[in-house]
Amino acid sequence: MIETIKRLVYQAAETVRETSQFSLDRMPEFSIEQPRGTEHGDFSTNAALVLAKKLKIQPFLAASALVENLQKSENIFNKIEIVKPGFINFFLSDHFIQESLRKMSSKKNVSVEPLSSFSIEGSFDEKQDSLSQHKKKFLLEFVSANPTGPLNVVNARAAAVGDTLARLIEASGHTADREFYVNDEGSQIEHLAYSLQSRYLQLLGSEPPKGYKAHGIFWVPADWSLETAEDLYQGEYLKGMAEQIRNGFEKNDSKDELSIFKNLGTSIYGRKIFSFERIALLKNGFGDKLLELIPNEKERIKFLSCTAVIYNVSLQKEVLKRFRLEFQNWFFQSQLGEKVTQTIDHLKEKGHLYEQDGAVWFKSTAFHDDKDRVLIRQDGSPTYFATDIAYHAYKKERGYDKLIDFLGPDHHGYIARTKAAVQALGYPPDSIEIYLIQLVTLLSGGKPVRMSKRAGEFITITELLDDVGVDAARWYFLARHRDTHLDFDLDLAKLQSEENPLYYTQYAYARISSLIRMAEEQGIAIPSRKAVDLTPLQNEAEKSLIKKMAQYPSIIQMASSLREPHHLPRYAVELARTFHSFYTECRILGIPGRKLTDARLFLVFVCKEVLGSVLGLMGIEAVEKM
RNA sequence: GGGCCCGUAGCUCAAUGGAUAGAGCAGCUGCCUUCUAAGCAGCGGGCUGGAGGUUCGAUUCCUCUCGGGCCCGCCA
């Protein structure tokens, strides 16, 4: 419906270009909107206003030119008017609205054509044919939490936003892979292993073993160099892990947790990382013999790192699955291997590096970064940033056209330097997009819950899901713009759960489902798309519902291209409201006239499809009964 | 000192440069002997933090300013 109107406007603009004195090479982007009241028509466009700006002419003049060249098919328009500055308002015929409904249902799953980049040369249809060439491969990286513990609420927000954006991008005709980057190397992982070992040692006795010293609440090797215990992980979950190392992983759970170490370990690292004996020990427990069985401190820490990483990742995977999110790829930093030095060499060849103070620097200021960045430290080891560049290089080498990263707000400094790196590698600036997802402040009892992984104080995603459920969690995260701080009031989320917009939307779906069930009981089937007579649909409630559904493709297109999933819940509520209003006013069953019943039944059936599709994009369950 | 994000109804938040700035919650008034009242219809509620600028038009873009949050390592 909107596409049709938009196409006609484009065609009108083309005619204007061909026949008028205006020198116009490209029709600027414009929008088709649904005005609030009916006095401004069923739909309106600002096309003439943006055109006027481009041509530097009076808006009203541009509007007149467009309207004169608009095909005023009576099958489509009852009336077209030009108003005040230069809005063009379309009043649609009943026939056009009714037939739009028929078209909507013809699409298997509602998808849309990108309308954003049309030049005025070439007709709409030609552009549409070349759509397949515009199909792009997206790679979305998000969550990417360190494998040092359970996922928290901020990760959950990223999970919801990233997943739904991926679905949106797919719905708008591209492909999108989701990727989780696991930082399984570096000092933080080492600290994790030391923290774990310390918890294990604490299980064994009250005094530190020989060669260890007290370090805060931890016991660390006497020659350990770290200055403060703050660098160690204090979370309670490490105690549980330590116990499992002592008692065996299998015993703790009915599931065979051991397969994690065999299967996940192998799939992560592509090779066996634990010997048969080690796996058996993980299974049955080390008892109090860990230090004897792996006497070499360095080897033991490496072993504990791997164990902790694999275990944490497997738990993260599990909870994300519960959150209805599955990543196509889990990419581990340790998989980069030679890639890091290769990438650095590549940058060196291109002349983007220099040496200073015994370190190797990337001249990122050449690409709009604030200052240059170290890639190789004085001690010869690569920085985190260096591995990150290698990782992004590898992403591009895998053939993705567009990389999208979601970062936490504390990483905003990485936006400029990462973009700089991608450009330095020779890729166009628009091949990478990096967005921040702002913090989530959990409110409990009206007071913020402070979250710090190392202090061990945080609400895990599991606790959140236990508390409010997957649907409510996803809805809350998606409903807000990713750029704004989110106050997630746990009490409120629970208390209001009965009058949540989520339930309002699901209720609309359930009502339709119930209706269709009842119709079937009465032997009334959903009429076929081809045969149904839609002419009985004439009152405002019916037409409003059709028009609201007609907006769906442009909502997807907008949310997808802006990378802003929060438009979906808003639209879902609007659609549900329009439906509820229609439902109250129009009876479907038990009315005289089978034709009206059929037409309305078809209407709600399509509405159910659209509602189901919106909820599906949000990863929220569409319930048949409430 | 520098950078990023946010200031919109009592509360939580929308509004891809567009018409009278909108929803939900909270408050008030009506509506269930017929398809789910977890619903509908209606009312009240705003100097969009403030001051300039850009233009046909600014919540949106630019400058300044006030308030809140986050960051600024050869940690990851």
# chains A, B, ... in the order shown; residues from 1 in each chain; ligands from 1
$ select_by_dssp --residues "stretch 410-519 of chain A" --states "strand (DSSP E or B)" --output "list in words"
Ile432, Glu433, Ile434, Tyr435, Leu436, Val440, Thr441, Leu442, Leu443, Ser444, Lys447, Pro448, Val449, Ser452, Glu457, Thr460, Leu486, Asp487, Phe488 and Asp489 of chain A
$ write_last_selection --atoms "all heavy atoms" --output "compact mmCIF listing (two decimals), in the first residue's frame"
# COMPACT_ATOMS: atom_id res chain seq x y z
N ILE A 432 32.00 -0.78 8.39
CA ILE A 432 31.83 -1.12 9.80
C ILE A 432 31.00 -0.06 10.51
O ILE A 432 31.15 1.14 10.29
CB ILE A 432 33.19 -1.29 10.53
CG1 ILE A 432 32.95 -1.67 11.98
CG2 ILE A 432 34.05 -0.03 10.40
CD1 ILE A 432 34.14 -2.27 12.67
N GLU A 433 30.08 -0.54 11.32
CA GLU A 433 29.28 0.34 12.15
C GLU A 433 29.43 -0.12 13.59
O GLU A 433 29.36 -1.31 13.87
CB GLU A 433 27.80 0.25 11.75
CG GLU A 433 27.53 0.69 10.33
CD GLU A 433 26.08 0.43 9.93
OE1 GLU A 433 25.22 0.27 10.82
OE2 GLU A 433 25.81 0.37 8.72
N ILE A 434 29.64 0.82 14.49
CA ILE A 434 29.80 0.47 15.89
C ILE A 434 28.81 1.28 16.71
O ILE A 434 28.76 2.51 16.59
CB ILE A 434 31.24 0.74 16.37
CG1 ILE A 434 32.23 -0.01 15.48
CG2 ILE A 434 31.41 0.32 17.83
CD1 ILE A 434 33.69 0.23 15.83
N TYR A 435 28.02 0.60 17.49
CA TYR A 435 27.04 1.29 18.31
C TYR A 435 27.22 0.93 19.78
O TYR A 435 27.64 -0.17 20.11
CB TYR A 435 25.61 0.91 17.88
CG TYR A 435 25.32 1.26 16.45
CD1 TYR A 435 25.37 0.28 15.46
CD2 TYR A 435 25.04 2.56 16.07
CE1 TYR A 435 25.12 0.59 14.13
CE2 TYR A 435 24.79 2.89 14.75
CZ TYR A 435 24.83 1.90 13.79
OH TYR A 435 24.59 2.21 12.48
N LEU A 436 26.89 1.87 20.60
CA LEU A 436 26.94 1.62 22.03
C LEU A 436 25.56 1.21 22.52
O LEU A 436 24.54 1.68 22.03
CB LEU A 436 27.36 2.90 22.78
CG LEU A 436 28.72 3.46 22.46
CD1 LEU A 436 28.98 4.72 23.27
CD2 LEU A 436 29.80 2.44 22.71
N VAL A 440 22.44 -0.52 31.96
CA VAL A 440 21.19 -0.85 32.62
C VAL A 440 21.40 -0.66 34.11
O VAL A 440 22.34 -1.20 34.68
CB VAL A 440 20.79 -2.31 32.36
CG1 VAL A 440 19.52 -2.66 33.12
CG2 VAL A 440 20.62 -2.56 30.88
N THR A 441 20.57 0.15 34.69
CA THR A 441 20.60 0.26 36.15
C THR A 441 19.43 -0.52 36.70
O THR A 441 18.28 -0.24 36.37
CB THR A 441 20.48 1.73 36.58
OG1 THR A 441 21.47 2.50 35.89
CG2 THR A 441 20.70 1.86 38.07
N LEU A 442 19.76 -1.52 37.47
CA LEU A 442 18.68 -2.29 38.07
C LEU A 442 18.21 -1.60 39.33
O LEU A 442 19.02 -1.15 40.14
CB LEU A 442 19.18 -3.69 38.43
CG LEU A 442 19.23 -4.69 37.31
CD1 LEU A 442 19.78 -5.99 37.83
CD2 LEU A 442 17.85 -4.90 36.73
N LEU A 443 16.91 -1.47 39.45
CA LEU A 443 16.36 -0.89 40.65
C LEU A 443 15.65 -1.98 41.45
O LEU A 443 14.82 -2.72 40.91
CB LEU A 443 15.37 0.22 40.30
CG LEU A 443 15.95 1.40 39.51
CD1 LEU A 443 14.84 2.38 39.15
CD2 LEU A 443 17.03 2.10 40.30
N SER A 444 16.03 -2.07 42.68
CA SER A 444 15.38 -3.03 43.55
C SER A 444 15.02 -2.31 44.84
O SER A 444 15.88 -1.73 45.50
CB SER A 444 16.32 -4.20 43.83
OG SER A 444 15.68 -5.14 44.67
N LYS A 447 16.04 1.26 44.98
CA LYS A 447 17.44 1.64 45.03
C LYS A 447 18.23 0.92 43.95
O LYS A 447 17.95 -0.24 43.64
CB LYS A 447 18.04 1.32 46.41
CG LYS A 447 17.62 2.32 47.48
CD LYS A 447 18.36 2.08 48.77
CE LYS A 447 17.86 0.85 49.48
NZ LYS A 447 18.43 0.71 50.84
N PRO A 448 19.20 1.62 43.36
CA PRO A 448 19.99 0.98 42.30
C PRO A 448 20.86 -0.15 42.85
O PRO A 448 21.40 -0.06 43.94
CB PRO A 448 20.85 2.12 41.76
CG PRO A 448 20.84 3.17 42.82
CD PRO A 448 19.58 3.00 43.58
N VAL A 449 20.94 -1.21 42.07
CA VAL A 449 21.81 -2.33 42.42
C VAL A 449 23.12 -2.13 41.69
O VAL A 449 23.16 -2.11 40.47
CB VAL A 449 21.18 -3.67 42.00
CG1 VAL A 449 22.08 -4.82 42.42
CG2 VAL A 449 19.81 -3.81 42.59
N SER A 452 29.22 -4.97 39.61
CA SER A 452 30.64 -5.08 39.30
C SER A 452 31.01 -6.55 39.34
O SER A 452 30.76 -7.24 40.30
CB SER A 452 31.47 -4.32 40.33
OG SER A 452 32.76 -4.87 40.41
N GLU A 457 29.19 -8.62 42.68
CA GLU A 457 27.84 -8.14 42.97
C GLU A 457 27.12 -7.88 41.67
O GLU A 457 27.29 -6.84 41.06
CB GLU A 457 27.94 -6.77 43.65
CG GLU A 457 27.67 -6.74 45.12
CD GLU A 457 27.79 -5.32 45.61
OE1 GLU A 457 27.02 -4.48 45.14
OE2 GLU A 457 28.68 -5.05 46.42
N THR A 460 22.47 -11.82 37.66
CA THR A 460 22.74 -12.57 36.43
C THR A 460 21.50 -12.59 35.56
O THR A 460 20.38 -12.33 36.02
CB THR A 460 23.13 -14.02 36.74
OG1 THR A 460 22.01 -14.67 37.34
CG2 THR A 460 24.32 -14.08 37.69
N LEU A 486 18.96 2.70 30.83
CA LEU A 486 17.73 1.99 31.12
C LEU A 486 17.62 1.72 32.61
O LEU A 486 18.48 1.09 33.21
CB LEU A 486 17.71 0.68 30.34
CG LEU A 486 16.65 -0.36 30.72
CD1 LEU A 486 15.26 0.22 30.64
CD2 LEU A 486 16.76 -1.55 29.80
N ASP A 487 16.58 2.26 33.19
CA ASP A 487 16.28 1.92 34.58
C ASP A 487 15.33 0.75 34.58
O ASP A 487 14.17 0.88 34.18
CB ASP A 487 15.64 3.12 35.31
CG ASP A 487 16.66 4.17 35.67
OD1 ASP A 487 17.83 3.79 35.86
OD2 ASP A 487 16.30 5.34 35.73
N PHE A 488 15.83 -0.38 34.96
CA PHE A 488 15.01 -1.58 34.98
C PHE A 488 14.57 -1.84 36.41
O PHE A 488 15.35 -2.31 37.23
CB PHE A 488 15.81 -2.76 34.42
CG PHE A 488 14.97 -3.92 33.97
CD1 PHE A 488 14.94 -4.28 32.64
CD2 PHE A 488 14.21 -4.63 34.87
CE1 PHE A 488 14.16 -5.34 32.21
CE2 PHE A 488 13.43 -5.69 34.46
CZ PHE A 488 13.41 -6.05 33.12
N ASP A 489 13.35 -1.49 36.68
CA ASP A 489 12.83 -1.66 38.03
C ASP A 489 12.27 -3.07 38.19
O ASP A 489 11.22 -3.40 37.65
CB ASP A 489 11.74 -0.62 38.31
CG ASP A 489 11.36 -0.59 39.79
OD1 ASP A 489 11.31 -1.67 40.40
OD2 ASP A 489 11.14 0.51 40.31
$ residues_around --residues "A:Asp430" --least-positions-apart "6" --cutoff "12 Å" --atoms "only C-alpha atoms (C1' of nucleotides)" --output "CSV table (one decimal) with all heavy atoms, in the first residue's frame"
chain,number,residue,atom,x,y,z
A,401,ASP,N,30.0,-8.1,4.1
A,401,ASP,CA,30.0,-6.7,3.6
A,401,ASP,C,29.9,-5.7,4.7
A,401,ASP,O,30.5,-4.6,4.6
A,401,ASP,CB,28.8,-6.5,2.7
A,401,ASP,CG,28.7,-7.6,1.6
A,401,ASP,OD1,29.7,-7.7,0.8
A,401,ASP,OD2,27.7,-8.3,1.4
A,402,LYS,N,29.1,-6.0,5.7
A,402,LYS,CA,28.9,-5.0,6.8
A,402,LYS,C,29.2,-5.7,8.1
A,402,LYS,O,28.6,-6.7,8.4
A,402,LYS,CB,27.4,-4.6,6.7
A,402,LYS,CG,27.1,-3.5,5.7
A,402,LYS,CD,27.1,-2.2,6.4
A,402,LYS,CE,26.6,-1.1,5.4
A,402,LYS,NZ,26.9,0.2,5.9
A,403,LEU,N,30.0,-5.0,8.9
A,403,LEU,CA,30.2,-5.4,10.2
A,403,LEU,C,29.5,-4.5,11.2
A,403,LEU,O,29.6,-3.3,11.0
A,403,LEU,CB,31.7,-5.4,10.6
A,403,LEU,CG,32.7,-6.1,9.6
A,403,LEU,CD1,34.1,-6.0,10.1
A,403,LEU,CD2,32.3,-7.6,9.5
A,404,ILE,N,28.8,-5.0,12.1
A,404,ILE,CA,28.1,-4.2,13.1
A,404,ILE,C,28.6,-4.7,14.5
A,404,ILE,O,28.4,-5.9,14.8
A,404,ILE,CB,26.6,-4.3,13.0
A,404,ILE,CG1,26.1,-3.7,11.6
A,404,ILE,CG2,25.9,-3.5,14.1
A,404,ILE,CD1,24.6,-3.7,11.4
A,419,LYS,N,37.3,1.8,13.9
A,419,LYS,CA,37.0,2.3,12.6
A,419,LYS,C,38.2,2.7,11.8
A,419,LYS,O,38.4,2.4,10.6
A,419,LYS,CB,36.0,3.5,12.7
A,419,LYS,CG,34.6,3.0,13.0
A,419,LYS,CD,33.6,4.2,13.0
A,419,LYS,CE,32.2,3.8,13.2
A,419,LYS,NZ,31.3,5.0,13.4
A,420,ALA,N,39.1,3.3,12.5
A,420,ALA,CA,40.4,3.7,11.9
A,420,ALA,C,41.1,2.5,11.4
A,420,ALA,O,41.6,2.5,10.3
A,420,ALA,CB,41.2,4.5,12.9
A,422,VAL,N,40.0,-0.4,10.6
A,422,VAL,CA,39.3,-1.1,9.4
A,422,VAL,C,39.6,-0.3,8.1
A,422,VAL,O,39.9,-0.9,7.1
A,422,VAL,CB,37.8,-1.2,9.7
A,422,VAL,CG1,37.1,-1.6,8.4
A,422,VAL,CG2,37.5,-2.2,10.8
A,423,GLN,N,39.7,1.0,8.3
A,423,GLN,CA,40.0,1.8,7.1
A,423,GLN,C,41.5,1.6,6.7
A,423,GLN,O,41.8,1.5,5.5
A,423,GLN,CB,39.7,3.3,7.4
A,423,GLN,CG,38.2,3.6,7.4
A,423,GLN,CD,38.0,5.1,7.7
A,423,GLN,OE1,38.5,6.0,6.9
A,423,GLN,NE2,37.3,5.4,8.8
$ interface_residues --of "chain A" --to "chain B" --cutoff "8 Å" --atoms "only C-alpha atoms (C1' of nucleotides)" --output "PyMOL selection string"
chain A and resi 46+58-59+85+183+186-188+359+374+376-378+383-384+409-413+438+480+483-485+498-501+503-504+507+510-511+514-515+518+558+562+570+580-581+584+587-590+626
$ select_by_dssp --residues "stretch 323-415 of chain A" --states "alpha helix (DSSP H)" --output "PyMOL selection string"
chain A and resi 339-349+384-397+413-415
$ closest_residue --among "A:Ala421, A:Ser31, A:Thr175, A:Arg167" --to "A:Gly399" --atoms "only C-alpha atoms"
A:Thr175
$ atom_distance --atom1 "atom CA of A:Leu92" --atom2 "atom CA of A:Pro28"
24.3 Å
$ atom_distance --atom1 "atom CA of A:Ala550" --atom2 "atom CA of A:Phe579"
13.3 Å
$ residues_around --residues "B:U59" --least-positions-apart "2" --cutoff "9 Å" --atoms "only C-alpha atoms (C1' of nucleotides)" --output "ChimeraX atom specification"
/B:8,15,21,48
$ write_last_selection --atoms "C-alpha atoms (C1' of nucleotides)" --output "mmCIF file, in the first residue's frame"
data_model
loop_
_atom_site.group_PDB
_atom_site.id
_atom_site.type_symbol
_atom_site.label_atom_id
_atom_site.label_comp_id
_atom_site.auth_asym_id
_atom_site.auth_seq_id
_atom_site.Cartn_x
_atom_site.Cartn_y
_atom_site.Cartn_z
ATOM 1 C "C1'" U B 8 10.298 15.581 26.729
ATOM 2 C "C1'" A B 15 8.571 10.897 17.865
ATOM 3 C "C1'" A B 21 4.951 16.783 20.566
ATOM 4 C "C1'" U B 48 10.567 19.336 24.837
#
$ residues_around --residues "B:G45" --least-positions-apart "2" --cutoff "12 Å" --atoms "only C-alpha atoms (C1' of nucleotides)" --output "list in words"
A9, G10, A26, G27, C28 and C43 of chain B
